[in-house]
Amino acid sequence: MVKLGVNIDHIATLRQARQEHEPDPVAAARTCLKAGADSIVAHLREDRRHIQDQDIVLLRKAVRTRFNLEMSLALSILDFACAVKPDQATLVPERRQEITTEGGLDAAGHLFKVKKGCQRLMDRGIVVSMFIDPHQKQIEAVAAIGAPMVEFHTGAYARAFAAGRAKHHLVQLRSACAYARQLGLIVNAGHGLNYDNVCPVAAIAGMEELNIGYSIVSRAVFTGLEQAVKDMAALIKR
Ligand code: PXP
């Protein structure tokens, strides 16, 4: 059955809008796990626009199932991750002005740098995943680096789905998943997935986990977080 990782960044976005103490990301993580999430995901951005360092420290303590820290390869972030020791680290590209992570990590183009960062994390016993576009050369780069896991960026699929043109992207995700599995990699996916577009991605053979944040937190405004997570879990575990 496909697993659900819930990204709680936007709980912190709401808190940071007032620089207050609520809503609390740790309380949100507990609610998500109670509702059926298999892991909790949080992105410590270099600009600290939502999740803060202290959130990561507290989440590390509170999440006993699996805590997945999304992070760039900036040295200060690497140092912090090695100290906090999440169960999993997902390496993502980061640009200051972007609204959200816009594309996958160019593991193929920065093989040496990515391998060095990846090795530091793996030496600390952290499982490393790489957020990449579903392209053959990026998959091969991850396998060459020696990371055990990839997460395919589904942003292009999600945008195409909204325009009624997702078929090509779905075919691409399917064959990328099959190829990555062939190379021995665990395959996850995420970004832009919502209650309308998630099912075809969840149905891809070999898919391990979907990481979803924005659509769940948005629905939670109306239904409450527990129900929003239950609704998503029911869709992807069907
Ligand atoms: N996976 C990764 C690597 C991400 O960067 C994000 C966005 O922070 C997500 C999943 C979740 O994307 P969304 O918030 O669009 O569901």
# chains A, B, ... in the order shown; residues from 1 in each chain; ligands from 1
>>> closest_atom_pairs(of="chain A", to="ligand 1", cutoff="10 Å", atoms="only C-alpha atoms and all ligand atoms", output="Markdown table")
| residue | atom | partner | partner_atom_place_in_ligand_line | distance |
| --- | --- | --- | --- | --- |
| A:Gly5 | CA | ligand 1 | 10 (C) | 8.5 |
| A:Val6 | CA | ligand 1 | 11 (C) | 7.9 |
| A:Asn7 | CA | ligand 1 | 11 (C) | 5.9 |
| A:Ile8 | CA | ligand 1 | 14 (O) | 8.3 |
| A:Asp9 | CA | ligand 1 | 8 (O) | 7.0 |
| A:His10 | CA | ligand 1 | 14 (O) | 7.9 |
| A:Val41 | CA | ligand 1 | 10 (C) | 8.0 |
| A:Ala42 | CA | ligand 1 | 8 (O) | 7.6 |
| A:His43 | CA | ligand 1 | 8 (O) | 6.3 |
| A:Leu44 | CA | ligand 1 | 8 (O) | 9.6 |
| A:Arg45 | CA | ligand 1 | 8 (O) | 9.5 |
| A:Asn68 | CA | ligand 1 | 3 (C) | 9.8 |
| A:Leu69 | CA | ligand 1 | 3 (C) | 9.3 |
| A:Glu70 | CA | ligand 1 | 3 (C) | 6.3 |
| A:Met71 | CA | ligand 1 | 3 (C) | 8.6 |
| A:Ala89 | CA | ligand 1 | 3 (C) | 9.9 |
| A:Thr90 | CA | ligand 1 | 3 (C) | 6.5 |
| A:Leu91 | CA | ligand 1 | 3 (C) | 7.5 |
| A:Val92 | CA | ligand 1 | 3 (C) | 6.0 |
| A:Pro93 | CA | ligand 1 | 5 (O) | 8.6 |
| A:Glu94 | CA | ligand 1 | 5 (O) | 9.1 |
| A:Ile99 | CA | ligand 1 | 8 (O) | 9.8 |
| A:Thr100 | CA | ligand 1 | 7 (C) | 6.3 |
| A:Thr101 | CA | ligand 1 | 5 (O) | 5.1 |
| A:Glu102 | CA | ligand 1 | 5 (O) | 8.2 |
| A:Gly103 | CA | ligand 1 | 5 (O) | 8.9 |
| A:Gly104 | CA | ligand 1 | 3 (C) | 8.2 |
| A:Leu105 | CA | ligand 1 | 3 (C) | 9.5 |
| A:Ser129 | CA | ligand 1 | 3 (C) | 9.1 |
| A:Met130 | CA | ligand 1 | 3 (C) | 8.0 |
| A:Phe131 | CA | ligand 1 | 3 (C) | 5.3 |
| A:Ile132 | CA | ligand 1 | 3 (C) | 8.5 |
| A:Val150 | CA | ligand 1 | 3 (C) | 9.7 |
| A:Glu151 | CA | ligand 1 | 3 (C) | 6.8 |
| A:Phe152 | CA | ligand 1 | 3 (C) | 8.1 |
| A:His153 | CA | ligand 1 | 3 (C) | 7.0 |
| A:Thr154 | CA | ligand 1 | 10 (C) | 8.5 |
| A:Gly155 | CA | ligand 1 | 15 (O) | 7.5 |
| A:Ala158 | CA | ligand 1 | 15 (O) | 9.1 |
| A:Asn188 | CA | ligand 1 | 1 (N) | 8.9 |
| A:Ala189 | CA | ligand 1 | 1 (N) | 6.9 |
| A:Gly190 | CA | ligand 1 | 10 (C) | 4.2 |
| A:His191 | CA | ligand 1 | 12 (O) | 3.4 |
| A:Gly192 | CA | ligand 1 | 15 (O) | 3.6 |
| A:Leu193 | CA | ligand 1 | 16 (O) | 5.4 |
| A:Asn194 | CA | ligand 1 | 16 (O) | 7.1 |
| A:Leu210 | CA | ligand 1 | 10 (C) | 7.7 |
| A:Asn211 | CA | ligand 1 | 10 (C) | 4.7 |
| A:Ile212 | CA | ligand 1 | 16 (O) | 3.6 |
| A:Gly213 | CA | ligand 1 | 16 (O) | 3.7 |
| A:Tyr214 | CA | ligand 1 | 14 (O) | 3.7 |
| A:Ser215 | CA | ligand 1 | 16 (O) | 5.9 |
| A:Ile216 | CA | ligand 1 | 16 (O) | 7.5 |
| A:Val217 | CA | ligand 1 | 14 (O) | 8.5 |
| A:Ser218 | CA | ligand 1 | 14 (O) | 9.7 |
>>> residues_around(residues="Val26 of chain A", least_positions_apart="4", cutoff="8 Å", atoms="only C-alpha atoms", output="number ranges by chain")
A: 30, 55, 58-59, 62
>>> select_by_dssp(residues="segment 57-189 of chain A", states="helix (DSSP H, G or I)", output="VMD selection string")
chain A and resid 57 to 62 75 to 84 111 to 123 136 to 145 155 to 162 167 to 182
>>> closest_residue(among="A:Lys34, A:Lys137, A:Arg159, A:Lys230", to="Ala176 of chain A", atoms="only C-alpha atoms")
A:Lys137
>>> residues_around(residues="Ala205 of chain A", least_positions_apart="2", cutoff="10 Å", atoms="only C-alpha atoms", output="tab-separated table (two decimals) with C-alpha atoms, in the first residue's frame")
chain	number	residue	atom	x	y	z
A	2	VAL	CA	1.26	3.49	-0.84
A	174	ARG	CA	5.42	5.46	-14.68
A	175	SER	CA	8.48	4.70	-16.76
A	177	CYS	CA	9.41	4.75	-11.51
A	178	ALA	CA	10.02	1.44	-13.26
A	181	ARG	CA	13.14	0.47	-9.23
A	201	VAL	CA	0.04	8.74	-9.16
A	202	ALA	CA	-0.84	6.53	-6.20
A	203	ALA	CA	-1.70	3.75	-8.67
A	207	MET	CA	5.38	3.80	-5.80
A	208	GLU	CA	6.32	3.78	-2.11
>>> select_by_dssp(residues="segment 1-209 of chain A", states="strand (DSSP E)", output="PyMOL selection string")
chain A and resi 3-7+39-43+67-71+88-91+127-132+149-153+186-190+207-209
>>> write_last_selection(atoms="C-alpha atoms", output="tab-separated table (two decimals), in the first residue's frame")
chain	number	residue	atom	x	y	z
A	3	LYS	CA	2.31	5.51	2.20
A	4	LEU	CA	1.38	9.09	3.00
A	5	GLY	CA	3.92	11.63	4.21
A	6	VAL	CA	2.30	14.87	5.36
A	7	ASN	CA	4.25	18.09	4.86
A	39	SER	CA	5.62	10.11	8.10
A	40	ILE	CA	5.96	13.82	8.81
A	41	VAL	CA	7.80	16.10	6.41
A	42	ALA	CA	9.12	19.60	7.11
A	43	HIS	CA	11.35	21.85	5.00
A	67	PHE	CA	10.62	12.30	10.37
A	68	ASN	CA	11.68	13.47	6.92
A	69	LEU	CA	13.62	16.74	6.79
A	70	GLU	CA	13.56	18.49	3.44
A	71	MET	CA	16.71	20.51	2.99
A	88	GLN	CA	15.31	10.80	6.51
A	89	ALA	CA	16.68	13.82	4.64
A	90	THR	CA	15.28	14.79	1.27
A	91	LEU	CA	17.67	16.97	-0.70
A	127	VAL	CA	18.41	7.82	4.98
A	128	VAL	CA	18.89	10.17	2.01
A	129	SER	CA	16.32	10.82	-0.68
A	130	MET	CA	16.71	13.20	-3.63
A	131	PHE	CA	13.93	15.31	-5.05
A	132	ILE	CA	14.47	15.06	-8.81
A	149	MET	CA	15.78	6.76	-2.54
A	150	VAL	CA	14.29	9.31	-4.94
A	151	GLU	CA	11.25	11.56	-4.82
A	152	PHE	CA	9.88	12.52	-8.21
A	153	HIS	CA	8.74	16.12	-8.61
A	186	ILE	CA	12.92	3.31	-3.45
A	187	VAL	CA	10.53	5.68	-5.23
A	188	ASN	CA	8.45	8.45	-3.68
A	189	ALA	CA	6.68	11.39	-5.32
A	190	GLY	CA	5.25	14.74	-4.37
A	207	MET	CA	5.38	3.80	-5.80
A	208	GLU	CA	6.32	3.78	-2.11
A	209	GLU	CA	5.19	7.08	-0.59
>>> closest_atom_pairs(of="segment 132-213 of chain A", to="segment 106-119 of chain A", cutoff="6 Å", atoms="only C-alpha atoms", output="tab-separated table")
residue	atom	partner	partner_atom	distance
A:Gln138	CA	A:Ala108	CA	5.4
A:Ala141	CA	A:Ala108	CA	5.0
A:Ile145	CA	A:Lys115	CA	5.3
>>> residues_around(residues="Ala12 of chain A", least_positions_apart="4", cutoff="9 Å", atoms="only C-alpha atoms", output="JSON list (two decimals) with all heavy atoms, in the first residue's frame")
[["chain", "number", "residue", "atom", "x", "y", "z"],
["A", 8, "ILE", "N", 4.10, 19.59, 6.78],
["A", 8, "ILE", "CA", 3.40, 20.53, 7.67],
["A", 8, "ILE", "C", 3.96, 21.96, 7.59],
["A", 8, "ILE", "O", 3.66, 22.79, 8.45],
["A", 8, "ILE", "CB", 3.43, 20.02, 9.13],
["A", 8, "ILE", "CG1", 4.88, 19.76, 9.57],
["A", 8, "ILE", "CG2", 2.59, 18.76, 9.29],
["A", 8, "ILE", "CD1", 5.00, 19.57, 11.07],
["A", 16, "GLN", "N", 3.79, 31.97, 11.28],
["A", 16, "GLN", "CA", 4.74, 33.05, 11.01],
["A", 16, "GLN", "C", 4.06, 34.33, 10.52],
["A", 16, "GLN", "O", 4.62, 35.41, 10.64],
["A", 16, "GLN", "CB", 5.78, 32.60, 9.97],
["A", 16, "GLN", "CG", 6.71, 31.49, 10.43],
["A", 16, "GLN", "CD", 7.39, 31.76, 11.76],
["A", 16, "GLN", "OE1", 7.06, 31.14, 12.77],
["A", 16, "GLN", "NE2", 8.32, 32.69, 11.79],
["A", 17, "ALA", "N", 2.83, 34.19, 9.99],
["A", 17, "ALA", "CA", 2.11, 35.36, 9.51],
["A", 17, "ALA", "C", 1.89, 36.35, 10.65],
["A", 17, "ALA", "O", 1.79, 37.56, 10.43],
["A", 17, "ALA", "CB", 0.79, 34.95, 8.89],
["A", 22, "GLU", "N", 0.91, 29.95, 17.61],
["A", 22, "GLU", "CA", -0.04, 29.00, 17.03],
["A", 22, "GLU", "C", -0.31, 29.33, 15.57],
["A", 22, "GLU", "O", -0.17, 30.49, 15.19],
["A", 22, "GLU", "CB", -1.34, 28.98, 17.84],
["A", 22, "GLU", "CG", -2.01, 30.33, 17.92],
["A", 22, "GLU", "CD", -3.27, 30.30, 18.75],
["A", 22, "GLU", "OE1", -3.54, 29.32, 19.44],
["A", 22, "GLU", "OE2", -4.01, 31.30, 18.66],
["A", 23, "PRO", "N", -0.71, 28.33, 14.79],
["A", 23, "PRO", "CA", -0.82, 26.90, 15.12],
["A", 23, "PRO", "C", 0.55, 26.25, 15.30],
["A", 23, "PRO", "O", 1.52, 26.68, 14.68],
["A", 23, "PRO", "CB", -1.57, 26.31, 13.92],
["A", 23, "PRO", "CG", -1.27, 27.23, 12.79],
["A", 23, "PRO", "CD", -1.08, 28.59, 13.37],
["A", 24, "ASP", "N", 0.58, 25.23, 16.16],
["A", 24, "ASP", "CA", 1.84, 24.59, 16.54],
["A", 24, "ASP", "C", 2.15, 23.40, 15.61],
["A", 24, "ASP", "O", 1.38, 22.44, 15.55],
["A", 24, "ASP", "CB", 1.67, 24.11, 18.00],
["A", 24, "ASP", "CG", 2.85, 23.28, 18.46],
["A", 24, "ASP", "OD1", 3.90, 23.31, 17.81],
["A", 24, "ASP", "OD2", 2.70, 22.57, 19.48],
["A", 25, "PRO", "N", 3.25, 23.43, 14.91],
["A", 25, "PRO", "CA", 3.59, 22.33, 13.99],
["A", 25, "PRO", "C", 3.71, 20.96, 14.67],
["A", 25, "PRO", "O", 3.39, 19.94, 14.07],
["A", 25, "PRO", "CB", 4.94, 22.75, 13.40],
["A", 25, "PRO", "CG", 4.98, 24.23, 13.52],
["A", 25, "PRO", "CD", 4.23, 24.55, 14.78],
["A", 49, "ARG", "N", 11.31, 30.91, 6.05],
["A", 49, "ARG", "CA", 10.03, 31.59, 5.87],
["A", 49, "ARG", "C", 8.87, 30.90, 6.59],
["A", 49, "ARG", "O", 7.87, 31.51, 6.86],
["A", 49, "ARG", "CB", 9.71, 31.78, 4.40],
["A", 49, "ARG", "CG", 9.42, 30.51, 3.66],
["A", 49, "ARG", "CD", 8.87, 30.78, 2.28],
["A", 49, "ARG", "NE", 9.87, 31.35, 1.39],
["A", 49, "ARG", "CZ", 9.85, 31.21, 0.07],
["A", 49, "ARG", "NH1", 8.87, 30.53, -0.50],
["A", 49, "ARG", "NH2", 10.78, 31.73, -0.69],
["A", 50, "HIS", "N", 9.02, 29.60, 6.85],
["A", 50, "HIS", "CA", 7.94, 28.94, 7.62],
["A", 50, "HIS", "C", 8.52, 28.15, 8.79],
["A", 50, "HIS", "O", 8.47, 28.59, 9.93],
["A", 50, "HIS", "CB", 7.00, 28.10, 6.73],
["A", 50, "HIS", "CG", 7.62, 27.37, 5.58],
["A", 50, "HIS", "ND1", 8.68, 26.50, 5.73],
["A", 50, "HIS", "CD2", 7.30, 27.36, 4.26],
["A", 50, "HIS", "CE1", 8.99, 25.99, 4.56],
["A", 50, "HIS", "NE2", 8.19, 26.49, 3.63],
["A", 51, "ILE", "N", 9.05, 26.98, 8.54],
["A", 51, "ILE", "CA", 9.62, 26.15, 9.61],
["A", 51, "ILE", "C", 10.89, 26.80, 10.17],
["A", 51, "ILE", "O", 11.73, 27.27, 9.40],
["A", 51, "ILE", "CB", 9.91, 24.73, 9.05],
["A", 51, "ILE", "CG1", 8.61, 24.00, 8.69],
["A", 51, "ILE", "CG2", 10.77, 23.92, 10.01],
["A", 51, "ILE", "CD1", 7.78, 23.50, 9.85],
["A", 52, "GLN", "N", 11.02, 26.81, 11.51],
["A", 52, "GLN", "CA", 12.19, 27.38, 12.19],
["A", 52, "GLN", "C", 13.06, 26.25, 12.77],
["A", 52, "GLN", "O", 12.58, 25.13, 12.95],
["A", 52, "GLN", "CB", 11.72, 28.31, 13.32],
["A", 52, "GLN", "CG", 10.73, 29.37, 12.88],
["A", 52, "GLN", "CD", 11.34, 30.36, 11.89],
["A", 52, "GLN", "OE1", 12.38, 30.96, 12.17],
["A", 52, "GLN", "NE2", 10.70, 30.53, 10.73],
["A", 55, "ASP", "N", 11.54, 24.28, 15.54],
["A", 55, "ASP", "CA", 10.48, 23.34, 15.11],
["A", 55, "ASP", "C", 11.10, 21.99, 14.79],
["A", 55, "ASP", "O", 10.55, 20.94, 15.13],
["A", 55, "ASP", "CB", 9.77, 23.85, 13.84],
["A", 55, "ASP", "CG", 8.96, 25.11, 14.09],
["A", 55, "ASP", "OD1", 8.38, 25.24, 15.19],
["A", 55, "ASP", "OD2", 8.91, 25.96, 13.18]]
>>> residues_around(residues="His169 of chain A", least_positions_apart="2", cutoff="9 Å", atoms="only C-alpha atoms", output="PyMOL selection string")
chain A and resi 154+156-158+160-161+165-167+171-174
>>> atom_distance(atom1="atom CA of Leu73 of chain A", atom2="atom CA of Ala144 of chain A")
17.8 Å
>>> residues_around(residues="Leu225 of chain A", least_positions_apart="2", cutoff="10 Å", atoms="only C-alpha atoms", output="VMD selection string")
chain A and resid 28 to 29 31 to 32 35 216 to 223 227 to 231
>>> write_last_selection(atoms="N, CA and C atoms", output="PDB file, in the first residue's frame")
ATOM      1  N   ALA A  28       0.302  19.696  15.125  1.00  0.00           N
ATOM      2  CA  ALA A  28      -0.192  19.291  13.799  1.00  0.00           C
ATOM      3  C   ALA A  28       0.376  17.930  13.416  1.00  0.00           C
ATOM      4  N   ALA A  29       1.660  17.727  13.687  1.00  0.00           N
ATOM      5  CA  ALA A  29       2.291  16.434  13.346  1.00  0.00           C
ATOM      6  C   ALA A  29       1.595  15.303  14.096  1.00  0.00           C
ATOM      7  N   THR A  31      -1.461  15.199  15.189  1.00  0.00           N
ATOM      8  CA  THR A  31      -2.794  14.999  14.601  1.00  0.00           C
ATOM      9  C   THR A  31      -2.683  14.215  13.287  1.00  0.00           C
ATOM     10  N   CYS A  32      -1.707  14.559  12.466  1.00  0.00           N
ATOM     11  CA  CYS A  32      -1.529  13.870  11.174  1.00  0.00           C
ATOM     12  C   CYS A  32      -1.236  12.384  11.401  1.00  0.00           C
ATOM     13  N   ALA A  35      -4.217  10.506  12.417  1.00  0.00           N
ATOM     14  CA  ALA A  35      -5.184  10.368  11.314  1.00  0.00           C
ATOM     15  C   ALA A  35      -4.715   9.390  10.236  1.00  0.00           C
ATOM     16  N   ILE A 216      -3.588  19.433   1.664  1.00  0.00           N
ATOM     17  CA  ILE A 216      -4.120  18.914   2.934  1.00  0.00           C
ATOM     18  C   ILE A 216      -4.354  20.058   3.920  1.00  0.00           C
ATOM     19  N   VAL A 217      -3.385  20.952   4.024  1.00  0.00           N
ATOM     20  CA  VAL A 217      -3.539  22.079   4.958  1.00  0.00           C
ATOM     21  C   VAL A 217      -4.674  23.003   4.483  1.00  0.00           C
ATOM     22  N   SER A 218      -4.805  23.157   3.170  1.00  0.00           N
ATOM     23  CA  SER A 218      -5.893  23.989   2.641  1.00  0.00           C
ATOM     24  C   SER A 218      -7.253  23.390   2.980  1.00  0.00           C
ATOM     25  N   ARG A 219      -7.393  22.075   2.793  1.00  0.00           N
ATOM     26  CA  ARG A 219      -8.670  21.442   3.131  1.00  0.00           C
ATOM     27  C   ARG A 219      -8.939  21.512   4.630  1.00  0.00           C
ATOM     28  N   ALA A 220      -7.865  21.423   5.414  1.00  0.00           N
ATOM     29  CA  ALA A 220      -8.010  21.428   6.869  1.00  0.00           C
ATOM     30  C   ALA A 220      -8.681  22.702   7.386  1.00  0.00           C
ATOM     31  N   VAL A 221      -8.549  23.787   6.654  1.00  0.00           N
ATOM     32  CA  VAL A 221      -9.189  25.039   7.061  1.00  0.00           C
ATOM     33  C   VAL A 221     -10.706  24.827   7.175  1.00  0.00           C
ATOM     34  N   PHE A 222     -11.239  23.966   6.316  1.00  0.00           N
ATOM     35  CA  PHE A 222     -12.688  23.732   6.311  1.00  0.00           C
ATOM     36  C   PHE A 222     -13.099  22.501   7.103  1.00  0.00           C
ATOM     37  N   THR A 223     -12.289  21.454   7.065  1.00  0.00           N
ATOM     38  CA  THR A 223     -12.715  20.170   7.650  1.00  0.00           C
ATOM     39  C   THR A 223     -12.008  19.827   8.957  1.00  0.00           C
ATOM     40  N   GLN A 227      -9.470  15.236   9.662  1.00  0.00           N
ATOM     41  CA  GLN A 227     -10.325  14.762   8.563  1.00  0.00           C
ATOM     42  C   GLN A 227      -9.619  14.916   7.214  1.00  0.00           C
ATOM     43  N   ALA A 228      -8.909  16.021   7.045  1.00  0.00           N
ATOM     44  CA  ALA A 228      -8.211  16.262   5.763  1.00  0.00           C
ATOM     45  C   ALA A 228      -7.168  15.170   5.500  1.00  0.00           C
ATOM     46  N   VAL A 229      -6.463  14.754   6.560  1.00  0.00           N
ATOM     47  CA  VAL A 229      -5.460  13.688   6.391  1.00  0.00           C
ATOM     48  C   VAL A 229      -6.164  12.358   6.130  1.00  0.00           C
ATOM     49  N   LYS A 230      -7.230  12.105   6.879  1.00  0.00           N
ATOM     50  CA  LYS A 230      -7.975  10.842   6.661  1.00  0.00           C
ATOM     51  C   LYS A 230      -8.485  10.757   5.226  1.00  0.00           C
ATOM     52  N   ASP A 231      -8.996  11.860   4.707  1.00  0.00           N
ATOM     53  CA  ASP A 231      -9.536  11.857   3.326  1.00  0.00           C
ATOM     54  C   ASP A 231      -8.418  11.533   2.323  1.00  0.00           C
TER      55      ASP A 231
END
>>> residues_around(residues="Leu185 of chain A", least_positions_apart="5", cutoff="9 Å", atoms="only C-alpha atoms", output="PyMOL selection string")
chain A and resi 139+142-143+147-150+177+179-180
>>> atom_distance(atom1="atom CA of Glu226 of chain A", atom2="atom CA of Thr13 of chain A")
18.5 Å
